[in-house]
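Below is target_17.tsv, which holds TSV, C-alpha atoms.
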```
chain	number	residue	atom	x	y	z
A	1	MET	CA	0.00	0.00	0.00
A	2	ASN	CA	2.89	2.36	0.68
A	3	ASP	CA	3.94	2.51	-2.98
A	4	LEU	CA	0.35	3.13	-4.04
A	5	ALA	CA	-0.70	5.60	-1.34
A	6	GLY	CA	1.29	8.54	-2.69
A	7	PRO	CA	-0.13	8.50	-6.21
A	8	LEU	CA	-3.65	7.81	-4.94
A	9	SER	CA	-3.55	10.73	-2.53
A	10	ARG	CA	-2.22	13.07	-5.24
A	11	VAL	CA	-4.95	12.04	-7.68
A	12	GLY	CA	-7.57	12.43	-4.96
A	13	LEU	CA	-6.26	15.90	-4.13
A	14	ARG	CA	-6.47	16.93	-7.78
A	15	TYR	CA	-10.10	15.85	-7.88
A	16	VAL	CA	-10.87	17.72	-4.65
A	17	VAL	CA	-9.17	20.90	-5.88
A	18	GLY	CA	-10.96	20.60	-9.23
A	19	PHE	CA	-14.30	20.13	-7.50
A	20	LEU	CA	-13.73	23.15	-5.26
A	21	ALA	CA	-12.69	25.27	-8.24
A	22	ALA	CA	-15.78	24.17	-10.17
A	23	LYS	CA	-17.97	25.17	-7.24
A	24	GLY	CA	-16.51	28.66	-7.35
A	25	TYR	CA	-14.08	28.59	-4.45
A	26	ASN	CA	-10.85	30.50	-4.96
A	27	VAL	CA	-8.36	27.62	-4.72
A	28	ASP	CA	-4.76	27.80	-5.88
A	29	PRO	CA	-4.06	24.83	-8.21
A	30	SER	CA	-0.68	24.33	-6.55
A	31	THR	CA	-2.55	23.24	-3.42
A	32	ALA	CA	-2.74	19.73	-4.88
A	33	THR	CA	1.06	19.53	-5.10
A	34	ASP	CA	1.87	20.99	-1.67
A	35	PRO	CA	3.81	18.33	0.30
A	36	ASP	CA	2.12	19.20	3.59
A	37	ILE	CA	-1.34	18.88	2.04
A	38	GLN	CA	-0.30	15.60	0.42
A	39	GLN	CA	0.86	14.25	3.78
A	40	LEU	CA	-2.43	15.26	5.36
A	41	ALA	CA	-4.33	13.53	2.55
A	42	TYR	CA	-2.21	10.41	3.06
A	43	PHE	CA	-3.04	10.33	6.78
A	44	LEU	CA	-6.74	10.90	6.09
A	45	MET	CA	-6.73	8.11	3.51
A	46	ALA	CA	-4.99	5.75	5.95
A	47	GLY	CA	-7.46	6.68	8.70
A	48	GLY	CA	-10.41	6.12	6.39
A	49	LEU	CA	-9.12	2.70	5.38
A	50	ALA	CA	-8.54	1.77	9.03
A	51	PHE	CA	-12.08	2.89	9.88
A	52	LEU	CA	-13.45	0.86	6.95
A	53	SER	CA	-11.60	-2.30	7.97
A	54	GLU	CA	-12.60	-1.99	11.62
A	55	GLY	CA	-16.21	-1.38	10.61
A	56	TRP	CA	-16.13	-4.46	8.39
A	57	TRP	CA	-14.68	-6.50	11.27
A	58	TYR	CA	-17.46	-5.23	13.58
A	59	LEU	CA	-20.15	-6.21	11.05
A	60	ALA	CA	-18.56	-9.64	10.58
A	61	ARG	CA	-18.57	-10.29	14.31
A	62	LYS	CA	-22.12	-8.98	14.71
A	63	HIS	CA	-23.54	-11.14	11.91
A	64	GLY	CA	-21.36	-14.20	12.48
A	65	TRP	CA	-19.58	-14.06	9.12
A	66	GLY	CA	-16.23	-15.11	10.58
A	67	GLN	CA	-17.06	-18.78	11.11
```
Just give me the structure as structure tokens.
Amino acid sequence: MNDLAGPLSRVGLRYVVGFLAAKGYNVDPSTATDPDIQQLAYFLMAGGLAFLSEGWWYLARKHGWGQ
């Protein structure tokens, strides 16, 4: 995942910046290439994936899918 996380976060940031620009917000396009913003996006992506996996584990335990 480490080799794939960087490109995925950069692509995601480009989509977010494009969406905000399309909605009329004054966003600098270089925001998508700012290393600090990219690191924040990487941490948010990792947190979201951790939340998704823990949620899936909770549902599996609740519904007995693990047996």
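With all atoms listed in the file as the atoms that count, the residue of A:Ala32, A:Leu49, A:Leu59, A:Leu40 with the shortest distance to A:Val11 is A:Ala32.
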For atom CA of A:Ala21 and atom CA of A:Ile37, determine how far apart the two atoms are, in Å to one decimal place. 16.6 Å
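The gap separating atom CA of A:Thr31 from atom CA of A:Ala5 is 17.9 Å, in Å to one decimal.
Going from atom CA of A:Pro29 to atom CA of A:Leu8 covers 17.3 Å.
When the distance limit is 9 Å and all atoms listed in the file are what count, the residues near A:Arg10, minus those fewer than 2 positions from it on the same chain, are Ala5, Gly6, Pro7, Leu8, Gly12, Leu13, Arg14, Tyr15, Ala32, Thr33, Gln38, Ala41 and Tyr42 of chain A.
Closest to A:Ser9 among A:Gln39, A:Glu54, A:Gly66, A:Asn26 is A:Gln39, based on only C-alpha atoms.
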